[in-house]
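A short worksheet on the structure shown next.
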Amino acid sequence: LKAYEDVRDKFVGDDFLVAVWISDELFSPNVLKRFKQFTLALNKHPDVTRVDSLATASYVSAEEDFTNIDDFLAELPQDDASASDLKRKALANRLFAGQLVSKDGRGALVAIHLTPGLDTEALTERVDSLRALSISHAEGIENFVTGPEVARQQTGQTLFSDNRVELPLAIIATVIVSLLGQRSFVGVLLPLFVNLVSLLVTLALFIQAGHAFNFVTIIMPPVIFVVGFAYAVHIISDYDRQIGLGHDKQTAIREALDDVFVPLTLTAFTTAVGFSSLSISNIETIRVFGAFSAIGTILSWLFSVLLVPLGLRFFSAKKSGDKGVGKLVEFAPALARFDLRNRRTILFASFVAVLAAVVFASKINVGTDYLNNFPKESEIHEHFATVNELFAGAVPIQIHIDSDIPDVFKNPDELQVLDQLQAWLVSQPEIGGAISFVDYMKMLHTTFVPDVREENAIPGTFNLSDQLLALGAGEDARQFIDARYKSTLMQVRSNAVSTSDLSDLVQRLSLIHI
């Protein structure tokens with residue numbers, strides 16, 4: 001995490017949205033004017049920290065007497081001929097083609113970098129407003145806003161919507177099961193009240209600690225409710241049994257609590273320890289989920305042993321034989337006799353099942369594919385496919401290469417190594433394209449020496465690199481290289497979304513030694 005934050009602070013982060021405009025008339029005076037106005041409006045938008053597009057990208061040109069470094073769309077074309085010339089220049093620029101403009105010249109991409117760490121609500125608000133801004137400037141041109149951040153936002157919205165359904169369903173299901181088993185409203189109302197109290201206290205502590213719901217912690221409320229509900233039920237069930245034995249209310253409460261206190265305590269604390277074991281995870285959201293699930297479990301136990309006996313004092317006791325023992329209790333002896341008669345078969349079948357489970361569990365692939373959370377025909381699937389088709393890919397990957405030697409990346413040998421690494425990456429099936437400091441140096445070299453051949457585009461000497469950078473390096477070089485030329489960032493675009501696919505790529509990449 002620290003390495004990621006250091007790279008983000010030194011260069012630029014990968015938490016951005018992608019706005020795409022698609023039109024056969026993209027490179028026309030009117031459309032380019034609106035596209036530039038859209039980019040300028042983005043720079044003034046709340047929580048937008050940086051915008052990368054054709055309108056903000058630096059363009060280096062060598063004139064007879066001077067070097068010109070300006071925004072690519074600093075001067076808007078006034079006629080179709082000059083617009084076509086801009087299209088030709090954009091497609092010829094190795095830093096633009098496939099990244100900011102599609103290789104067929106029909107699409108323009110805007111990378112909108114946002115303030116890191118926005119929660120789902122804030123991100124949703126920003127995405128909606130940015131989408132509306134794009135639509136208003138596009139004026140009928142096909143456009144959309146997408147990218148991993150949009151997928152994260154829509155996944156968060158889906159989870160929150162599901163939780164509004166899942167928690168009430170969990171409550172209804174436990175109430176129905178408890179009502180059927182206890183055959184008493186007291187056996188339902190007391191556990192429900194006690195568990196809601198423990199859940200509310202847990203959520204209050206969670207919020208007070210400065211946490212917010214995310215993809216993992218959103219499942220915490222139903223987990224705590226379902227796990228904790230049984231503690232109160234056990235006390236009430238044993239209380240009913242004591243009443244059935246002829247004890248008065250006070251004696252029944254005391255005997256019931258005495259019977260179940262130890263097993264309830266052991267169950268609650270072992271469950272809490274299980275949740276607490278998640279605190280060793282390297283992922284903060286999992287650690288938070290484990291910690292507060294453990295707290296919720298202990299609170300459910302505590303409120304059960306404190307509030308349930310107190311609540312039973314205010315309800316009339318069920319008299320002995322009121323409603324019989326019930327079919328579930330009648331079924332228990334028969335089940336026990338069956339287990340004893342077939343114990344060898346049951347144990348053998350269980351052993352085989354465990355072995356099979358171990359075999360199949362070893363084949364589990366751990367990964368996250370947030371795009372598959374949505375139907376194949378959904379809009380976000382269509383937008384990702386469009387970006388992958390027209391541009392280098394929708395998923396950003398950053399590869400940071402660091403050295404202790406200042407100016408090391410001005411050396412031809414190091415630039416050649418970076419070029420080889422980039423060529424290897426582009427050859428991988430998960431990668432749609434990549435740009436790096438090598439592309440920047442090649443661009444400068446071919447700009448100032450137009451006759452240089454492609455195979456010789458990397459400067460051949462340290463001094464030549466130094467001179468080219470002195471002549472033409474703009475502020476945009478800082479997205480690839482630090483001020484001391486000893487740390488560089490390769491910007492890679494992937495068409496793979498699944499973390500298991502990306503993990504395979506990272507594993508292959510780790511075998512390469514630079």
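FYI, nothing fancy with the structure tokens labels: chains A, B, ... in order, residues from 1 per chain, ligands from 1 as they appear.
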Write out as a short mmCIF file (atom, residue, chain, number, x, y, z; two decimals) with all heavy atoms, in the first residue's frame each polymer residue whose atoms come within 7 Å of stretch 437-448 of chain A, counting only C-alpha atoms; drop sequence neighbours fewer than 4 positions from it.
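Produced file part14.cif, reproduced below:
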```cif
data_model
loop_
_atom_site.label_atom_id
_atom_site.label_comp_id
_atom_site.auth_asym_id
_atom_site.auth_seq_id
_atom_site.Cartn_x
_atom_site.Cartn_y
_atom_site.Cartn_z
N SER A 61 6.71 20.31 -31.30
CA SER A 61 7.03 20.47 -32.72
C SER A 61 8.28 21.32 -32.86
O SER A 61 8.53 22.23 -32.08
CB SER A 61 5.86 21.12 -33.48
OG SER A 61 5.57 22.40 -32.93
N ALA A 62 9.08 20.97 -33.84
CA ALA A 62 10.35 21.69 -34.09
C ALA A 62 10.18 22.59 -35.29
O ALA A 62 9.96 22.12 -36.41
CB ALA A 62 11.47 20.69 -34.30
N ARG A 94 2.95 8.53 -31.10
CA ARG A 94 2.94 7.25 -30.38
C ARG A 94 2.37 7.39 -28.98
O ARG A 94 1.96 6.39 -28.37
CB ARG A 94 4.35 6.66 -30.35
CG ARG A 94 5.34 7.47 -29.55
CD ARG A 94 6.74 6.83 -29.57
NE ARG A 94 7.38 6.99 -30.86
CZ ARG A 94 7.75 5.98 -31.65
NH1 ARG A 94 7.52 4.73 -31.28
NH2 ARG A 94 8.34 6.21 -32.79
N LEU A 95 2.33 8.61 -28.43
CA LEU A 95 1.78 8.82 -27.10
C LEU A 95 0.26 9.02 -27.13
O LEU A 95 -0.40 8.92 -26.10
CB LEU A 95 2.42 10.04 -26.43
CG LEU A 95 3.92 9.97 -26.20
CD1 LEU A 95 4.43 11.29 -25.62
CD2 LEU A 95 4.28 8.82 -25.27
N LEU A 415 17.32 2.54 -21.62
CA LEU A 415 16.15 2.78 -22.47
C LEU A 415 15.85 1.55 -23.33
O LEU A 415 14.68 1.22 -23.56
CB LEU A 415 16.39 4.01 -23.35
CG LEU A 415 16.43 5.36 -22.62
CD1 LEU A 415 16.80 6.48 -23.59
CD2 LEU A 415 15.09 5.67 -21.96
N LEU A 418 14.06 -0.94 -21.10
CA LEU A 418 12.65 -0.55 -20.93
C LEU A 418 11.85 -0.86 -22.19
O LEU A 418 10.70 -1.31 -22.12
CB LEU A 418 12.56 0.94 -20.62
CG LEU A 418 12.96 1.41 -19.23
CD1 LEU A 418 12.79 2.93 -19.12
CD2 LEU A 418 12.13 0.72 -18.15
N ASP A 419 12.45 -0.63 -23.34
CA ASP A 419 11.77 -0.90 -24.61
C ASP A 419 11.49 -2.39 -24.77
O ASP A 419 10.41 -2.79 -25.23
CB ASP A 419 12.64 -0.40 -25.76
CG ASP A 419 11.87 -0.33 -27.07
OD1 ASP A 419 10.70 0.13 -27.05
OD2 ASP A 419 12.41 -0.73 -28.11
N VAL A 452 15.29 10.22 -38.78
CA VAL A 452 15.75 9.05 -38.04
C VAL A 452 14.80 7.88 -38.29
O VAL A 452 13.59 8.05 -38.37
CB VAL A 452 15.86 9.35 -36.53
CG1 VAL A 452 14.49 9.52 -35.91
CG2 VAL A 452 16.63 8.26 -35.82
N ALA A 457 15.19 5.03 -33.20
CA ALA A 457 14.49 6.14 -32.56
C ALA A 457 14.93 6.37 -31.13
O ALA A 457 14.82 7.49 -30.61
CB ALA A 457 12.98 5.90 -32.62
N ILE A 458 15.43 5.32 -30.45
CA ILE A 458 15.98 5.53 -29.11
C ILE A 458 17.30 6.26 -29.23
O ILE A 458 18.18 5.85 -30.00
CB ILE A 458 16.18 4.18 -28.38
CG1 ILE A 458 14.84 3.50 -28.12
CG2 ILE A 458 16.93 4.38 -27.06
CD1 ILE A 458 14.95 2.15 -27.46
N PRO A 459 17.48 7.39 -28.52
CA PRO A 459 18.75 8.13 -28.62
C PRO A 459 19.94 7.22 -28.36
O PRO A 459 19.93 6.39 -27.46
CB PRO A 459 18.61 9.21 -27.54
CG PRO A 459 17.14 9.38 -27.37
CD PRO A 459 16.53 8.03 -27.60
N LEU A 468 17.96 16.34 -26.04
CA LEU A 468 16.56 16.25 -26.46
C LEU A 468 15.62 16.65 -25.34
O LEU A 468 14.63 17.37 -25.56
CB LEU A 468 16.24 14.82 -26.91
CG LEU A 468 16.90 14.35 -28.22
CD1 LEU A 468 16.65 12.86 -28.44
CD2 LEU A 468 16.38 15.16 -29.40
N GLY A 472 12.99 19.70 -25.51
CA GLY A 472 11.57 19.46 -25.69
C GLY A 472 10.79 18.86 -24.55
O GLY A 472 9.57 18.64 -24.68
N PHE A 480 5.74 10.00 -16.70
CA PHE A 480 6.59 8.84 -16.97
C PHE A 480 7.88 8.81 -16.16
O PHE A 480 8.41 7.74 -15.88
CB PHE A 480 6.98 8.80 -18.46
CG PHE A 480 5.84 8.79 -19.40
CD1 PHE A 480 5.60 9.86 -20.25
CD2 PHE A 480 4.97 7.71 -19.46
CE1 PHE A 480 4.54 9.86 -21.14
CE2 PHE A 480 3.91 7.68 -20.34
CZ PHE A 480 3.69 8.76 -21.18
N ILE A 481 8.40 9.96 -15.79
CA ILE A 481 9.74 10.02 -15.21
C ILE A 481 9.78 11.05 -14.09
O ILE A 481 9.07 12.05 -14.14
CB ILE A 481 10.80 10.37 -16.30
CG1 ILE A 481 12.21 10.02 -15.83
CG2 ILE A 481 10.68 11.81 -16.74
CD1 ILE A 481 12.54 8.56 -15.92
#
```
Practice problem: Find the spatial neighbours of A:Phe315, counting only C-alpha atoms, within a cut-off of 9 Å - ignore same-chain residues fewer than 3 positions away - and output them as a PyMOL selection string. | Solution: chain A and resi 186+311-312
Residue subset to file, keeping C-alpha atoms, as a JSON list (two decimals), in the first residue's frame:
```
[["chain", "number", "residue", "atom", "x", "y", "z"],
["A", 186, "VAL", "CA", -42.00, -14.41, 23.42],
["A", 311, "GLY", "CA", -37.28, -9.74, 29.56],
["A", 312, "LEU", "CA", -38.60, -13.13, 30.65]]
```
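Taking atom CA of A:Thr386 and atom CA of A:Tyr370 as endpoints, the distance between them is 17.2 Å.
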Self-check item: A:Gln242 environment, 8 Å, only C-alpha atoms, sequence neighbours closer than 6 positions dropped, as a list in words
Solution: Ala252, Ile253, Glu255 and Ala256 of chain A
Same residues, N, CA and C atoms, saved as a tab-separated table (two decimals), in the first residue's frame:
```tsv
chain	number	residue	atom	x	y	z
A	252	ALA	N	-36.95	-20.96	37.04
A	252	ALA	CA	-36.74	-21.40	35.66
A	252	ALA	C	-35.70	-20.53	34.96
A	253	ILE	N	-35.76	-19.21	35.19
A	253	ILE	CA	-34.78	-18.30	34.58
A	253	ILE	C	-33.39	-18.62	35.10
A	255	GLU	N	-32.23	-21.43	36.49
A	255	GLU	CA	-31.77	-22.75	36.05
A	255	GLU	C	-31.41	-22.75	34.57
A	256	ALA	N	-32.23	-22.06	33.76
A	256	ALA	CA	-31.96	-22.00	32.32
A	256	ALA	C	-30.63	-21.31	32.03
```
Residue contacts of A:Ile135 (10 Å, only C-alpha atoms) excluding same-chain residues fewer than 6 positions away, as a CSV table (one decimal) with C-alpha atoms, in the first residue's frame:
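Wrote it out as selection_37.csv, contents follow:
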```csv
chain,number,residue,atom,x,y,z
A,21,TRP,CA,-16.6,10.3,-27.5
A,38,PHE,CA,-15.7,19.6,-22.1
A,129,SER,CA,-22.5,14.7,-12.7
A,141,ILE,CA,-22.5,12.5,-30.3
A,142,GLU,CA,-22.2,9.0,-28.9
A,143,ASN,CA,-20.5,9.3,-25.5
A,144,PHE,CA,-20.3,7.4,-22.2
A,145,VAL,CA,-18.4,7.3,-19.0
```
Quiz item: Which residues in stretch 47-203 of chain A does DSSP call alpha helix (DSSP H)? List them as number ranges by chain.
Solution: A: 80-92, 120-138, 148-182, 186-203
Self-check item: Long-range neighbours of A:Gly156 as a PyMOL selection string, 8 Å cut-off, only C-alpha atoms, 3 positions minimum in chain
Solution: chain A and resi 120+152-153+159-160+214-215
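Comparing A:Gly107, A:Pro309, A:Pro333, A:Pro429 by their smallest distance to A:Leu390, the closest is A:Gly107 (using only C-alpha atoms).
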May I have a table of the residues of stretch 162-267 of chain A lying at most 9 Å from stretch 271-276 of chain A, giving each one's closest pair of atoms and their distance in Å to one decimal, counting only C-alpha atoms, ordered by chain and ascending residue number, as CSV?
```
residue,atom,partner,partner_atom,distance
A:Val227,CA,A:Thr271,CA,8.8
A:Leu266,CA,A:Thr271,CA,8.4
A:Thr267,CA,A:Thr271,CA,6.1
```
How about saving the chosen residues, all heavy atoms kept, as an mmCIF file, in the first residue's frame?
```cif
data_model
loop_
_atom_site.group_PDB
_atom_site.id
_atom_site.type_symbol
_atom_site.label_atom_id
_atom_site.label_comp_id
_atom_site.auth_asym_id
_atom_site.auth_seq_id
_atom_site.Cartn_x
_atom_site.Cartn_y
_atom_site.Cartn_z
ATOM 1 N N VAL A 227 -25.916 -14.834 13.178
ATOM 2 C CA VAL A 227 -25.066 -15.540 14.142
ATOM 3 C C VAL A 227 -25.559 -15.319 15.571
ATOM 4 O O VAL A 227 -25.616 -16.251 16.381
ATOM 5 C CB VAL A 227 -23.594 -15.088 14.005
ATOM 6 C CG1 VAL A 227 -22.757 -15.603 15.171
ATOM 7 C CG2 VAL A 227 -23.012 -15.575 12.684
ATOM 8 N N LEU A 266 -18.774 -20.376 25.369
ATOM 9 C CA LEU A 266 -17.770 -21.028 24.527
ATOM 10 C C LEU A 266 -18.077 -20.822 23.045
ATOM 11 O O LEU A 266 -17.178 -20.522 22.250
ATOM 12 C CB LEU A 266 -17.714 -22.517 24.849
ATOM 13 C CG LEU A 266 -17.094 -22.904 26.194
ATOM 14 C CD1 LEU A 266 -17.219 -24.399 26.434
ATOM 15 C CD2 LEU A 266 -15.625 -22.478 26.237
ATOM 16 N N THR A 267 -19.343 -20.957 22.674
ATOM 17 C CA THR A 267 -19.732 -20.772 21.272
ATOM 18 C C THR A 267 -19.463 -19.345 20.809
ATOM 19 O O THR A 267 -18.888 -19.118 19.734
ATOM 20 C CB THR A 267 -21.228 -21.095 21.092
ATOM 21 O OG1 THR A 267 -21.469 -22.441 21.489
ATOM 22 C CG2 THR A 267 -21.650 -20.914 19.650
#
```
Could the residues of stretch 146-165 of chain A that have an atom at most 12 Å from stretch 373-385 of chain A be listed as a tab-separated table, each with its closest atom pair and the distance in Å to one decimal, counting only C-alpha atoms and ordered by chain and ascending residue number?
```
residue	atom	partner	partner_atom	distance
A:Thr146	CA	A:His383	CA	6.5
A:Gly147	CA	A:Phe384	CA	7.1
A:Pro148	CA	A:Phe384	CA	9.2
A:Glu149	CA	A:Ile380	CA	11.4
A:Val150	CA	A:Ile380	CA	8.4
A:Ala151	CA	A:Ile380	CA	7.4
A:Arg152	CA	A:Asn373	CA	10.3
A:Gln153	CA	A:Ile380	CA	11.4
A:Gln154	CA	A:Phe374	CA	9.1
A:Thr155	CA	A:Asn373	CA	7.2
A:Gly156	CA	A:Asn373	CA	10.7
A:Gln157	CA	A:Asn373	CA	11.7
A:Thr158	CA	A:Asn373	CA	9.1
A:Leu159	CA	A:Asn373	CA	10.2
```
Atoms kept (all heavy atoms) for selection, written as a JSON list (two decimals), in the first residue's frame:
```json
[["chain", "number", "residue", "atom", "x", "y", "z"],
["A", 146, "THR", "N", -17.10, 5.39, -18.33],
["A", 146, "THR", "CA", -16.93, 4.03, -17.84],
["A", 146, "THR", "C", -15.57, 3.89, -17.16],
["A", 146, "THR", "O", -14.95, 4.88, -16.80],
["A", 146, "THR", "CB", -17.09, 3.01, -19.01],
["A", 146, "THR", "OG1", -17.15, 1.70, -18.47],
["A", 146, "THR", "CG2", -15.95, 3.12, -19.99],
["A", 147, "GLY", "N", -15.12, 2.65, -17.01],
["A", 147, "GLY", "CA", -13.84, 2.39, -16.36],
["A", 147, "GLY", "C", -14.01, 1.63, -15.05],
["A", 147, "GLY", "O", -15.12, 1.46, -14.55],
["A", 148, "PRO", "N", -12.90, 1.18, -14.48],
["A", 148, "PRO", "CA", -12.96, 0.42, -13.22],
["A", 148, "PRO", "C", -13.65, 1.18, -12.09],
["A", 148, "PRO", "O", -14.34, 0.57, -11.27],
["A", 148, "PRO", "CB", -11.48, 0.17, -12.90],
["A", 148, "PRO", "CG", -10.79, 0.19, -14.21],
["A", 148, "PRO", "CD", -11.53, 1.20, -15.03],
["A", 149, "GLU", "N", -13.47, 2.51, -12.03],
["A", 149, "GLU", "CA", -14.12, 3.27, -10.97],
["A", 149, "GLU", "C", -15.64, 3.25, -11.12],
["A", 149, "GLU", "O", -16.37, 3.23, -10.13],
["A", 149, "GLU", "CB", -13.61, 4.72, -10.98],
["A", 149, "GLU", "CG", -12.20, 4.89, -10.46],
["A", 149, "GLU", "CD", -12.11, 4.60, -8.98],
["A", 149, "GLU", "OE1", -12.44, 5.48, -8.17],
["A", 149, "GLU", "OE2", -11.72, 3.47, -8.62],
["A", 150, "VAL", "N", -16.13, 3.27, -12.36],
["A", 150, "VAL", "CA", -17.58, 3.18, -12.58],
["A", 150, "VAL", "C", -18.08, 1.80, -12.17],
["A", 150, "VAL", "O", -19.15, 1.67, -11.56],
["A", 150, "VAL", "CB", -17.92, 3.47, -14.05],
["A", 150, "VAL", "CG1", -19.41, 3.23, -14.32],
["A", 150, "VAL", "CG2", -17.58, 4.91, -14.40],
["A", 151, "ALA", "N", -17.31, 0.76, -12.52],
["A", 151, "ALA", "CA", -17.69, -0.59, -12.11],
["A", 151, "ALA", "C", -17.73, -0.70, -10.59],
["A", 151, "ALA", "O", -18.63, -1.33, -10.02],
["A", 151, "ALA", "CB", -16.72, -1.61, -12.70],
["A", 152, "ARG", "N", -16.75, -0.08, -9.92],
["A", 152, "ARG", "CA", -16.73, -0.09, -8.45],
["A", 152, "ARG", "C", -17.96, 0.63, -7.90],
["A", 152, "ARG", "O", -18.60, 0.15, -6.95],
["A", 152, "ARG", "CB", -15.45, 0.58, -7.94],
["A", 152, "ARG", "CG", -15.35, 0.65, -6.42],
["A", 152, "ARG", "CD", -13.97, 1.09, -5.99],
["A", 152, "ARG", "NE", -13.74, 2.51, -6.16],
["A", 152, "ARG", "CZ", -14.06, 3.42, -5.24],
["A", 152, "ARG", "NH1", -14.64, 3.05, -4.11],
["A", 152, "ARG", "NH2", -13.81, 4.68, -5.45],
["A", 153, "GLN", "N", -18.29, 1.76, -8.50],
["A", 153, "GLN", "CA", -19.44, 2.54, -8.03],
["A", 153, "GLN", "C", -20.74, 1.76, -8.22],
["A", 153, "GLN", "O", -21.58, 1.68, -7.33],
["A", 153, "GLN", "CB", -19.49, 3.87, -8.78],
["A", 153, "GLN", "CG", -20.76, 4.68, -8.57],
["A", 153, "GLN", "CD", -21.64, 4.67, -9.80],
["A", 153, "GLN", "OE1", -21.17, 4.60, -10.93],
["A", 153, "GLN", "NE2", -22.93, 4.73, -9.58],
["A", 154, "GLN", "N", -20.90, 1.15, -9.40],
["A", 154, "GLN", "CA", -22.13, 0.42, -9.67],
["A", 154, "GLN", "C", -22.22, -0.86, -8.83],
["A", 154, "GLN", "O", -23.31, -1.26, -8.41],
["A", 154, "GLN", "CB", -22.23, 0.09, -11.15],
["A", 154, "GLN", "CG", -22.43, 1.33, -12.01],
["A", 154, "GLN", "CD", -22.84, 1.01, -13.44],
["A", 154, "GLN", "OE1", -23.14, -0.14, -13.77],
["A", 154, "GLN", "NE2", -22.85, 2.01, -14.29],
["A", 155, "THR", "N", -21.07, -1.49, -8.58],
["A", 155, "THR", "CA", -21.06, -2.66, -7.70],
["A", 155, "THR", "C", -21.48, -2.26, -6.29],
["A", 155, "THR", "O", -22.25, -2.96, -5.63],
["A", 155, "THR", "CB", -19.66, -3.31, -7.68],
["A", 155, "THR", "OG1", -19.30, -3.69, -9.00],
["A", 155, "THR", "CG2", -19.65, -4.54, -6.77],
["A", 156, "GLY", "N", -20.95, -1.12, -5.82],
["A", 156, "GLY", "CA", -21.32, -0.62, -4.50],
["A", 156, "GLY", "C", -22.81, -0.34, -4.40],
["A", 156, "GLY", "O", -23.46, -0.70, -3.41],
["A", 157, "GLN", "N", -23.35, 0.30, -5.44],
["A", 157, "GLN", "CA", -24.79, 0.57, -5.44],
["A", 157, "GLN", "C", -25.61, -0.71, -5.40],
["A", 157, "GLN", "O", -26.61, -0.81, -4.69],
["A", 157, "GLN", "CB", -25.15, 1.37, -6.70],
["A", 157, "GLN", "CG", -24.85, 2.86, -6.61],
["A", 157, "GLN", "CD", -25.41, 3.61, -7.80],
["A", 157, "GLN", "OE1", -25.23, 3.21, -8.95],
["A", 157, "GLN", "NE2", -26.09, 4.69, -7.54],
["A", 158, "THR", "N", -25.16, -1.72, -6.16],
["A", 158, "THR", "CA", -25.87, -2.99, -6.19],
["A", 158, "THR", "C", -25.83, -3.66, -4.82],
["A", 158, "THR", "O", -26.84, -4.21, -4.35],
["A", 158, "THR", "CB", -25.24, -3.91, -7.25],
["A", 158, "THR", "OG1", -25.31, -3.28, -8.54],
["A", 158, "THR", "CG2", -25.98, -5.24, -7.30],
["A", 159, "LEU", "N", -24.66, -3.63, -4.18],
["A", 159, "LEU", "CA", -24.53, -4.25, -2.86],
["A", 159, "LEU", "C", -25.43, -3.57, -1.83],
["A", 159, "LEU", "O", -26.07, -4.23, -1.02],
["A", 159, "LEU", "CB", -23.07, -4.21, -2.41],
["A", 159, "LEU", "CG", -22.12, -5.18, -3.11],
["A", 159, "LEU", "CD1", -20.68, -4.89, -2.71],
["A", 159, "LEU", "CD2", -22.48, -6.61, -2.76]]
```
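Proximity ranking of A:Met490, A:Val48, A:Ile401, A:Ala356 relative to A:Ala477 places A:Met490 first, based on only C-alpha atoms.
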